[in-house]
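Visitor: Take this structure, written in structure tokens, and hold onto it; I'll ask about it next.
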Amino acid sequence: MWQRTHYEFMKETYTLWRFIPHHYTFKIFASFWVYVDSLTSDIFLTRFRTVEPLEYYRRFLKENCRPDGRELGEFRTTTVNIGSISTADGSALVKLGNTAVICGIKAEFAAPPTDAPDKGYVVPNVDLPPLCSSRFRSGPPGEEAQVASQFIADIIENSQIIQKEDLCISPGKLAWVLYCDLICLDYDGNILDACTFALLAALKNGGSGLTGAKLQDCMSRAVTRHKEVKKLMDEIIKSMKPK
């Protein structure tokens, strides 16, 4: 493959610059050095924040502002998208600044707990995958994800934002189980507020979905699975009988 030599490249570049007016040349070089200066500043700030995080934030506090330019009491820009997942029984996508969390709720049914036969279940799970930030790794949930999941569970339990008694279908026999999966898509801090907001929005979106029709659908699927398992067991027992 033919490749240009360094001399040929420089010659072509010089020929090109000869046809550019001098005032445009100055503007191009000025823009270039502004870009280089901005890039250098960003690299310096990133390294400074990593090496001296307390001093980094202390300097912003002295100026009564945050690193992203907000005032200390100013909220992040918030957007909410309801019903983001069509296959879920309730869902919401929430953005707080650059932090984005999506929540999907799936409703199933099970026997109520023995110590609370008149209640259902709400099972939150926070996932912080590597795609949302380089600080997280693949594998089992890390400490921050587990703490966030427990935090959301405590909010549900202590605030009574959803009455577990309302999830009971038949005391001691049947109750709803709400699996609430919260996945962080972009991590830029304030993850607990984002998860709480996404959960509330998803619950509101799916609140009307826990109907008799949903129950009937779950029961139909359970009956179908039961028939399939029984048929498989009959075939296994038949094959084990001596001929």
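Letters A, B, ... go to the chains of the structure tokens in the order shown; residues in each chain start at 1; ligands are counted from 1 in the same order.
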Mind checking which residues fall within 8 Å of range 71-88 of chain A, counting only C-alpha atoms, ignoring those fewer than 3 positions away in the same chain, and posting them as a PyMOL selection string?

Guide: chain A and resi 61+64-66+91-97+104-106+201-202+205

Visitor: Would you please work out which residue, of A:Pro141, A:Pro117, A:Pro124, A:Gly189, is nearest to Lys164 in chain A when using only C-alpha atoms?

Guide: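 The shortest atom-to-atom distance to Lys164 in chain A comes from A:Pro117.
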
Visitor: Mind giving me the straight-line distance from CA of Ile169 in chain A to CA of Cys103 in chain A in Å, one decimal?

Guide: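 Calculated distance between CA of Ile169 in chain A and CA of Cys103 in chain A is 24.4 Å.
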
Visitor: Please provide the set of residues having any atom within 7 Å of Pro129 in chain A, restricted to only C-alpha atoms, with same-chain residues fewer than 4 positions apart removed, written as number ranges by chain.

Guide: A: 136-138

Visitor: Can I get the selected residues back with N, CA and C atoms, as a compact mmCIF listing (two decimals), in the first residue's frame?

Guide:
# COMPACT_ATOMS: atom_id res chain seq x y z
N PHE A 136 -17.27 0.94 38.60
CA PHE A 136 -17.92 -0.34 38.91
C PHE A 136 -17.39 -1.45 38.02
N ARG A 137 -17.44 -2.68 38.53
CA ARG A 137 -16.91 -3.83 37.83
C ARG A 137 -18.01 -4.87 37.62
N SER A 138 -17.79 -5.73 36.64
CA SER A 138 -18.74 -6.82 36.37
C SER A 138 -18.67 -7.84 37.50

Visitor: Go through A:Pro113, A:Asn98, A:Ala107, A:Arg70 and flag the residue nearest Glu165 in chain A, using only C-alpha atoms for the distances.

Guide: A:Pro113
